[in-house]
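A.B. asks: The following file, protein.pdb, comprises PDB, C-alpha atoms:
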ATOM      1  CA  MET I   1      -2.105 -93.376  92.082  1.00  0.00           C
ATOM      2  CA  LEU I   2      -0.636 -90.988  89.560  1.00  0.00           C
ATOM      3  CA  TYR I   3      -2.806 -89.011  87.205  1.00  0.00           C
ATOM      4  CA  GLY I   4      -3.376 -91.095  84.092  1.00  0.00           C
ATOM      5  CA  GLU I   5      -2.178 -94.333  85.700  1.00  0.00           C
ATOM      6  CA  PRO I   6      -4.083 -97.332  84.313  1.00  0.00           C
ATOM      7  CA  GLU I   7      -6.644 -99.014  86.545  1.00  0.00           C
ATOM      8  CA  LEU I   8      -5.727-102.418  87.956  1.00  0.00           C
ATOM      9  CA  SER I   9      -8.461-104.083  85.897  1.00  0.00           C
ATOM     10  CA  SER I  10      -6.913-102.777  82.670  1.00  0.00           C
ATOM     11  CA  TYR I  11      -3.315-103.941  83.190  1.00  0.00           C
ATOM     12  CA  PRO I  12      -2.250-105.673  79.988  1.00  0.00           C
ATOM     13  CA  ASP I  13      -1.546-109.393  80.054  1.00  0.00           C
ATOM     14  CA  ARG I  14       1.862-108.674  78.495  1.00  0.00           C
ATOM     15  CA  TYR I  15       2.735-106.629  81.595  1.00  0.00           C
ATOM     16  CA  LYS I  16       1.551-109.383  83.944  1.00  0.00           C
ATOM     17  CA  LYS I  17       3.546-111.927  81.938  1.00  0.00           C
ATOM     18  CA  GLY I  18       6.584-109.645  81.928  1.00  0.00           C
ATOM     19  CA  VAL I  19       6.534-109.589  85.729  1.00  0.00           C
ATOM     20  CA  TRP I  20       6.342-113.397  85.800  1.00  0.00           C
ATOM     21  CA  LEU I  21       9.199-113.686  83.306  1.00  0.00           C
ATOM     22  CA  PHE I  22      11.396-111.282  85.290  1.00  0.00           C
ATOM     23  CA  ASN I  23      10.706-113.061  88.569  1.00  0.00           C
ATOM     24  CA  ASN I  24      11.523-116.413  86.996  1.00  0.00           C
ATOM     25  CA  ARG I  25      14.809-115.119  85.542  1.00  0.00           C
ATOM     26  CA  PHE I  26      13.676-115.168  81.907  1.00  0.00           C
ATOM     27  CA  PHE I  27      15.191-111.733  81.422  1.00  0.00           C
ATOM     28  CA  PHE I  28      15.561-111.803  77.647  1.00  0.00           C
ATOM     29  CA  GLU I  29      11.952-112.936  77.267  1.00  0.00           C
ATOM     30  CA  CYS I  30      10.783-110.262  79.728  1.00  0.00           C
ATOM     31  CA  HIS I  31      12.485-107.678  77.555  1.00  0.00           C
ATOM     32  CA  GLU I  32      10.862-109.104  74.427  1.00  0.00           C
ATOM     33  CA  ILE I  33       7.291-109.143  75.733  1.00  0.00           C
ATOM     34  CA  LEU I  34       7.509-105.715  77.396  1.00  0.00           C
ATOM     35  CA  GLU I  35       9.116-104.109  74.367  1.00  0.00           C
ATOM     36  CA  GLU I  36       5.872-104.717  72.474  1.00  0.00           C
ATOM     37  CA  GLN I  37       3.928-103.061  75.301  1.00  0.00           C
ATOM     38  CA  TRP I  38       6.405-100.184  75.495  1.00  0.00           C
ATOM     39  CA  MET I  39       5.989 -99.411  71.788  1.00  0.00           C
ATOM     40  CA  GLU I  40       2.227 -99.026  72.283  1.00  0.00           C
ATOM     41  CA  SER I  41       2.530 -96.759  75.340  1.00  0.00           C
ATOM     42  CA  ILE I  42       3.002 -93.056  75.985  1.00  0.00           C
ATOM     43  CA  GLY I  43       4.051 -90.858  78.894  1.00  0.00           C
ATOM     44  CA  THR I  44       4.753 -92.303  82.325  1.00  0.00           C
ATOM     45  CA  GLU I  45       3.523 -95.731  81.243  1.00  0.00           C
ATOM     46  CA  LYS I  46       6.137 -95.787  78.444  1.00  0.00           C
ATOM     47  CA  THR I  47       8.884 -94.792  80.896  1.00  0.00           C
ATOM     48  CA  PHE I  48       7.660 -97.455  83.328  1.00  0.00           C
ATOM     49  CA  TYR I  49       7.991-100.223  80.748  1.00  0.00           C
ATOM     50  CA  GLN I  50      11.417 -98.919  79.735  1.00  0.00           C
ATOM     51  CA  MET I  51      12.453 -99.072  83.393  1.00  0.00           C
ATOM     52  CA  ILE I  52      11.559-102.773  83.663  1.00  0.00           C
ATOM     53  CA  ILE I  53      13.135-103.527  80.281  1.00  0.00           C
ATOM     54  CA  HIS I  54      16.401-101.870  81.340  1.00  0.00           C
ATOM     55  CA  ALA I  55      16.451-103.871  84.587  1.00  0.00           C
ATOM     56  CA  ALA I  56      15.857-107.097  82.641  1.00  0.00           C
ATOM     57  CA  VAL I  57      18.520-106.318  80.039  1.00  0.00           C
ATOM     58  CA  ALA I  58      21.039-105.598  82.802  1.00  0.00           C
ATOM     59  CA  PHE I  59      20.696-109.264  83.728  1.00  0.00           C
ATOM     60  CA  VAL I  60      20.905-110.389  80.103  1.00  0.00           C
ATOM     61  CA  HIS I  61      24.291-108.640  80.090  1.00  0.00           C
ATOM     62  CA  TRP I  62      25.194-110.263  83.421  1.00  0.00           C
ATOM     63  CA  GLU I  63      24.367-113.693  82.000  1.00  0.00           C
ATOM     64  CA  ASN I  64      26.636-112.882  79.034  1.00  0.00           C
ATOM     65  CA  LYS I  65      29.427-111.694  81.385  1.00  0.00           C
ATOM     66  CA  ASN I  66      29.237-108.156  79.982  1.00  0.00           C
ATOM     67  CA  ARG I  67      30.144-106.014  83.008  1.00  0.00           C
ATOM     68  CA  LYS I  68      30.035-102.752  81.027  1.00  0.00           C
ATOM     69  CA  GLY I  69      26.528-103.600  79.789  1.00  0.00           C
ATOM     70  CA  VAL I  70      25.370-104.389  83.341  1.00  0.00           C
ATOM     71  CA  LEU I  71      26.614-101.027  84.606  1.00  0.00           C
ATOM     72  CA  SER I  72      25.181 -99.125  81.648  1.00  0.00           C
ATOM     73  CA  LEU I  73      21.722-100.681  81.964  1.00  0.00           C
ATOM     74  CA  GLN I  74      21.730-100.197  85.739  1.00  0.00           C
ATOM     75  CA  HIS I  75      22.379 -96.518  85.117  1.00  0.00           C
ATOM     76  CA  THR I  76      19.546 -96.143  82.603  1.00  0.00           C
ATOM     77  CA  PHE I  77      17.232 -98.261  84.795  1.00  0.00           C
ATOM     78  CA  LYS I  78      17.876 -95.858  87.690  1.00  0.00           C
ATOM     79  CA  LEU I  79      17.236 -92.804  85.485  1.00  0.00           C
ATOM     80  CA  LYS I  80      13.880 -94.228  84.380  1.00  0.00           C
ATOM     81  CA  ALA I  81      12.935 -95.251  87.942  1.00  0.00           C
ATOM     82  CA  ASP I  82      13.854 -91.801  89.265  1.00  0.00           C
ATOM     83  CA  SER I  83      11.704 -90.108  86.633  1.00  0.00           C
ATOM     84  CA  ILE I  84       8.500 -91.794  87.841  1.00  0.00           C
ATOM     85  CA  PRO I  85       7.228 -89.486  90.604  1.00  0.00           C
ATOM     86  CA  ALA I  86       5.899 -92.201  92.912  1.00  0.00           C
ATOM     87  CA  PRO I  87       7.320 -95.138  94.883  1.00  0.00           C
ATOM     88  CA  ALA I  88       4.910 -97.483  93.068  1.00  0.00           C
ATOM     89  CA  TYR I  89       3.237 -97.488  89.681  1.00  0.00           C
ATOM     90  CA  MET I  90       0.847-100.032  88.174  1.00  0.00           C
ATOM     91  CA  SER I  91       1.018-101.847  91.512  1.00  0.00           C
ATOM     92  CA  LEU I  92       4.787-102.418  91.167  1.00  0.00           C
ATOM     93  CA  ASP I  93       7.008-101.431  94.091  1.00  0.00           C
ATOM     94  CA  ILE I  94       9.509 -99.253  92.217  1.00  0.00           C
ATOM     95  CA  ALA I  95      11.279 -98.118  95.378  1.00  0.00           C
ATOM     96  CA  ARG I  96      12.031-101.706  96.390  1.00  0.00           C
ATOM     97  CA  LEU I  97      13.159-102.758  92.915  1.00  0.00           C
ATOM     98  CA  LYS I  98      15.438 -99.727  92.728  1.00  0.00           C
ATOM     99  CA  GLN I  99      16.890-100.473  96.155  1.00  0.00           C
ATOM    100  CA  ASP I 100      17.482-104.141  95.259  1.00  0.00           C
ATOM    101  CA  MET I 101      19.112-103.246  91.925  1.00  0.00           C
ATOM    102  CA  ILE I 102      21.401-100.724  93.612  1.00  0.00           C
ATOM    103  CA  ALA I 103      22.384-103.177  96.363  1.00  0.00           C
ATOM    104  CA  LEU I 104      23.365-105.812  93.799  1.00  0.00           C
ATOM    105  CA  ILE I 105      24.984-103.737  91.058  1.00  0.00           C
ATOM    106  CA  GLU I 106      26.438-100.574  92.578  1.00  0.00           C
ATOM    107  CA  PRO I 107      29.323-102.431  94.295  1.00  0.00           C
ATOM    108  CA  LEU I 108      30.494-103.285  90.772  1.00  0.00           C
ATOM    109  CA  ARG I 109      30.539 -99.584  89.923  1.00  0.00           C
ATOM    110  CA  GLN I 110      32.385 -98.708  93.128  1.00  0.00           C
ATOM    111  CA  ASP I 111      35.095-101.354  92.688  1.00  0.00           C
ATOM    112  CA  PRO I 112      36.305-101.846  89.112  1.00  0.00           C
ATOM    113  CA  ASN I 113      38.235-104.944  90.242  1.00  0.00           C
ATOM    114  CA  LEU I 114      35.136-106.672  91.590  1.00  0.00           C
ATOM    115  CA  ALA I 115      34.260-109.494  89.214  1.00  0.00           C
ATOM    116  CA  LEU I 116      30.741-110.358  88.127  1.00  0.00           C
ATOM    117  CA  ALA I 117      29.590-113.335  90.160  1.00  0.00           C
ATOM    118  CA  PRO I 118      28.543-116.332  88.076  1.00  0.00           C
ATOM    119  CA  PHE I 119      25.005-115.689  86.885  1.00  0.00           C
ATOM    120  CA  ASP I 120      23.672-119.012  88.140  1.00  0.00           C
ATOM    121  CA  GLN I 121      24.939-118.137  91.621  1.00  0.00           C
ATOM    122  CA  THR I 122      23.550-114.597  91.628  1.00  0.00           C
ATOM    123  CA  VAL I 123      20.341-113.824  93.478  1.00  0.00           C
ATOM    124  CA  THR I 124      18.598-111.359  91.211  1.00  0.00           C
ATOM    125  CA  PRO I 125      15.910-108.929  92.410  1.00  0.00           C
ATOM    126  CA  THR I 126      12.254-109.833  92.296  1.00  0.00           C
ATOM    127  CA  ILE I 127       9.504-107.507  91.134  1.00  0.00           C
ATOM    128  CA  HIS I 128       6.990-107.059  93.930  1.00  0.00           C
ATOM    129  CA  VAL I 129       3.434-106.249  92.887  1.00  0.00           C
ATOM    130  CA  SER I 130       0.169-105.968  94.753  1.00  0.00           C
ATOM    131  CA  GLY I 131      -3.416-106.486  93.673  1.00  0.00           C
ATOM    132  CA  PHE I 132      -2.747-109.030  90.917  1.00  0.00           C
ATOM    133  CA  GLU I 133      -0.918-112.249  90.262  1.00  0.00           C
ATOM    134  CA  PRO I 134       1.651-112.310  87.474  1.00  0.00           C
ATOM    135  CA  LEU I 135       0.597-114.476  84.535  1.00  0.00           C
ATOM    136  CA  GLU I 136       2.737-117.534  83.911  1.00  0.00           C
ATOM    137  CA  CYS I 137       4.048-118.077  80.410  1.00  0.00           C
ATOM    138  CA  ASP I 138       3.747-121.576  79.053  1.00  0.00           C
ATOM    139  CA  GLU I 139       6.462-123.420  77.143  1.00  0.00           C
ATOM    140  CA  TYR I 140       5.074-122.323  73.766  1.00  0.00           C
ATOM    141  CA  GLU I 141       5.129-118.654  74.766  1.00  0.00           C
ATOM    142  CA  LEU I 142       8.705-119.028  76.005  1.00  0.00           C
ATOM    143  CA  LEU I 143       9.642-120.613  72.696  1.00  0.00           C
ATOM    144  CA  VAL I 144       8.019-117.787  70.744  1.00  0.00           C
ATOM    145  CA  LEU I 145       9.759-115.214  72.943  1.00  0.00           C
ATOM    146  CA  GLY I 146      13.103-116.804  72.251  1.00  0.00           C
ATOM    147  CA  ARG I 147      13.975-119.572  74.653  1.00  0.00           C
ATOM    148  CA  LEU I 148      13.580-123.278  74.087  1.00  0.00           C
ATOM    149  CA  ILE I 149      12.904-125.040  77.378  1.00  0.00           C
ATOM    150  CA  ASP I 150      14.319-128.511  77.912  1.00  0.00           C
ATOM    151  CA  GLU I 151      11.935-130.984  79.519  1.00  0.00           C
ATOM    152  CA  ASP I 152      14.464-131.420  82.336  1.00  0.00           C
ATOM    153  CA  ASP I 153      14.085-127.717  83.244  1.00  0.00           C
ATOM    154  CA  ASN I 154      10.385-128.029  84.136  1.00  0.00           C
TER     155      ASN I 154
END
Please lay out the structure from this file as structure tokens.
C.D. replies:
Amino acid sequence: MLYGEPELSSYPDRYKKGVWLFNNRFFFECHEILEEQWMESIGTEKTFYQMIIHAAVAFVHWENKNRKGVLSLQHTFKLKADSIPAPAYMSLDIARLKQDMIALIEPLRQDPNLALAPFDQTVTPTIHVSGFEPLECDEYELLVLGRLIDEDDN
């Protein structure tokens, strides 16, 4: 545990919901909910939220077929992840997320001719946490965060 790291019992619900959103490929919504948390944070915690937001937005760009955006956000994600002096923070396995992001996105940086795979066929990284269960967002929360869910998608 890093000095000043929040205790498990005080993790904000927005963070727990952001993890659920990321892991369920609601990347835009993850960005939206964690941006609110990021604006209220300072220090390492602020950098931590930025790190997750940048990872999520990389996949928003992927979904929109914006290769340059994917590479840019991967770069800033890695900078934020590297600036947190621990392999895990707030029970999130940063080292694993970083490794998974690099494995998926760096080949695009290495080969400019490599096309983005279709988003619906891309296996995106999962955020691994310990000590708590991510909080599921209901349909209303998803709507408020920006995505209308069709009944067929449930």
A.B. asks: Give, as lines of an AutoDock Vina configuration file, the centre coordinates and the x, y and z edge lengths in Å to one decimal for an axis-aligned box around all listed atoms of range 84-91 of chain I, padded by 5 Å on each side.
C.D. replies:
center_x = 4.7
center_y = -95.7
center_z = 91.4
size_x = 17.7
size_y = 22.4
size_z = 17.0
A.B. asks: Might you spell out which residues the PyMOL selection byres ((chain I and resi 109) around 10) would select in the displayed file, as a ChimeraX atom specification?
C.D. replies: /I:67-68,70-72,74-75,102,105-108,110-114
A.B. asks: Which is closer to Asp100 in chain I than all the others in I:Pro87, I:Pro118, I:Gly18, I:Pro125, using only C-alpha atoms?
C.D. replies: I:Pro125
A.B. asks: Can you list what the PyMOL selection byres ((chain I and resi 22) around 10) grabs from this structure, as a list of chain:residue names?
C.D. replies: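 Against this file, the PyMOL selection byres ((chain I and resi 22) around 10) returns the residues I:Lys17, I:Gly18, I:Val19, I:Trp20, I:Leu21, I:Asn23, I:Asn24, I:Arg25, I:Phe26, I:Phe27, I:Phe28, I:Glu29, I:Cys30, I:His31, I:Ile52, I:Ile53, I:Ala55, I:Ala56, I:Phe59, I:Thr124, I:Pro125, I:Thr126, I:Ile127.
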A.B. asks: With C-alpha atoms retained, could you export that selection as a PDB file, in the frame of the given file?
C.D. replies:
ATOM      1  CA  LYS I  17       3.546-111.927  81.938  1.00  0.00           C
ATOM      2  CA  GLY I  18       6.584-109.645  81.928  1.00  0.00           C
ATOM      3  CA  VAL I  19       6.534-109.589  85.729  1.00  0.00           C
ATOM      4  CA  TRP I  20       6.342-113.397  85.800  1.00  0.00           C
ATOM      5  CA  LEU I  21       9.199-113.686  83.306  1.00  0.00           C
ATOM      6  CA  ASN I  23      10.706-113.061  88.569  1.00  0.00           C
ATOM      7  CA  ASN I  24      11.523-116.413  86.996  1.00  0.00           C
ATOM      8  CA  ARG I  25      14.809-115.119  85.542  1.00  0.00           C
ATOM      9  CA  PHE I  26      13.676-115.168  81.907  1.00  0.00           C
ATOM     10  CA  PHE I  27      15.191-111.733  81.422  1.00  0.00           C
ATOM     11  CA  PHE I  28      15.561-111.803  77.647  1.00  0.00           C
ATOM     12  CA  GLU I  29      11.952-112.936  77.267  1.00  0.00           C
ATOM     13  CA  CYS I  30      10.783-110.262  79.728  1.00  0.00           C
ATOM     14  CA  HIS I  31      12.485-107.678  77.555  1.00  0.00           C
ATOM     15  CA  ILE I  52      11.559-102.773  83.663  1.00  0.00           C
ATOM     16  CA  ILE I  53      13.135-103.527  80.281  1.00  0.00           C
ATOM     17  CA  ALA I  55      16.451-103.871  84.587  1.00  0.00           C
ATOM     18  CA  ALA I  56      15.857-107.097  82.641  1.00  0.00           C
ATOM     19  CA  PHE I  59      20.696-109.264  83.728  1.00  0.00           C
ATOM     20  CA  THR I 124      18.598-111.359  91.211  1.00  0.00           C
ATOM     21  CA  PRO I 125      15.910-108.929  92.410  1.00  0.00           C
ATOM     22  CA  THR I 126      12.254-109.833  92.296  1.00  0.00           C
ATOM     23  CA  ILE I 127       9.504-107.507  91.134  1.00  0.00           C
TER      24      ILE I 127
END
A.B. asks: With only C-alpha atoms as the counted atoms, please give the residues lying no more than 8 Å from Thr47 in chain I, apart from itself and same-chain residues fewer than 6 positions off, as a list in words.
C.D. replies: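 These residues fall inside the cut-off: Lys80, Ser83 and Ile84 of chain I.
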A.B. asks: I'd like the contact shell of range 2-6 of chain I - 9 Å cut-off, only C-alpha atoms, skipping same-chain residues fewer than 5 positions apart - returned as a PDB file with C-alpha atoms, keeping the file's coordinate frame.
C.D. replies:
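Final file, selection-v4.pdb:
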ATOM      1  CA  TYR I  11      -3.315-103.941  83.190  1.00  0.00           C
ATOM      2  CA  THR I  44       4.753 -92.303  82.325  1.00  0.00           C
ATOM      3  CA  GLU I  45       3.523 -95.731  81.243  1.00  0.00           C
ATOM      4  CA  PRO I  85       7.228 -89.486  90.604  1.00  0.00           C
ATOM      5  CA  ALA I  86       5.899 -92.201  92.912  1.00  0.00           C
ATOM      6  CA  TYR I  89       3.237 -97.488  89.681  1.00  0.00           C
ATOM      7  CA  MET I  90       0.847-100.032  88.174  1.00  0.00           C
TER       8      MET I  90
END
A.B. asks: What is the distance between CA of Met101 in chain I and CA of His128 in chain I, in Å to one decimal?
C.D. replies: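 Computed distance, CA of Met101 in chain I to CA of His128 in chain I, equals 12.9 Å.
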A.B. asks: Provide the CA of Val123 in chain I to CA of Leu8 in chain I distance in Å, to one decimal place.
C.D. replies: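 Spanning CA of Val123 in chain I to CA of Leu8 in chain I is a straight-line distance of 29.0 Å.
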A.B. asks: Find, counting only C-alpha atoms, the residue in I:Phe119, I:Glu32, I:Ser130, I:Ser9 that gets nearest to Asn64 in chain I.
C.D. replies: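 Nearest candidate to Asn64 in chain I out of I:Phe119, I:Glu32, I:Ser130, I:Ser9: I:Phe119.
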A.B. asks: Just give me the gap between CA of Phe48 in chain I and CA of Lys98 in chain I in Å, one decimal is fine.
C.D. replies: 12.4 Å
A.B. asks: Using only C-alpha atoms, find the one residue out of I:Ala58, I:Leu92, I:Leu97, I:Ala115 that sits nearest to Tyr15 in chain I.
C.D. replies: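 For Tyr15 in chain I, the nearest of the candidates is I:Leu92.
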A.B. asks: Measuring atom to atom with only C-alpha atoms, identify which of I:Leu116, I:His61, I:Asp93, I:Glu133 is nearest to Ala81 in chain I.
C.D. replies: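 Checking each of I:Leu116, I:His61, I:Asp93, I:Glu133 against Ala81 in chain I, counting only C-alpha atoms, the winner is I:Asp93.
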A.B. asks: Check the smallest atom-to-atom distance from each of I:Ile94, I:Thr122, I:Pro12, I:Ala88 to Ile33 in chain I using all atoms listed in the file, then report the winner.
C.D. replies: I:Pro12
A.B. asks: When you look at Gln37 in chain I with a cut-off of 9 Å (counting all atoms listed in the file), what residues show up, excluding the ones that are within fewer than 2 positions of it in the same chain? I need them as a list in words.
C.D. replies: Pro12, Arg14, Tyr15, Ile33, Leu34, Glu35, Met39, Glu40, Ser41, Lys46 and Tyr49 of chain I
A.B. asks: Create the file for the chosen residues now, containing C-alpha atoms and written as a PDB file, in the frame of the given file.
C.D. replies:
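Result written to selection02.pdb:
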ATOM      1  CA  PRO I  12      -2.250-105.673  79.988  1.00  0.00           C
ATOM      2  CA  ARG I  14       1.862-108.674  78.495  1.00  0.00           C
ATOM      3  CA  TYR I  15       2.735-106.629  81.595  1.00  0.00           C
ATOM      4  CA  ILE I  33       7.291-109.143  75.733  1.00  0.00           C
ATOM      5  CA  LEU I  34       7.509-105.715  77.396  1.00  0.00           C
ATOM      6  CA  GLU I  35       9.116-104.109  74.367  1.00  0.00           C
ATOM      7  CA  MET I  39       5.989 -99.411  71.788  1.00  0.00           C
ATOM      8  CA  GLU I  40       2.227 -99.026  72.283  1.00  0.00           C
ATOM      9  CA  SER I  41       2.530 -96.759  75.340  1.00  0.00           C
ATOM     10  CA  LYS I  46       6.137 -95.787  78.444  1.00  0.00           C
ATOM     11  CA  TYR I  49       7.991-100.223  80.748  1.00  0.00           C
TER      12      TYR I  49
END
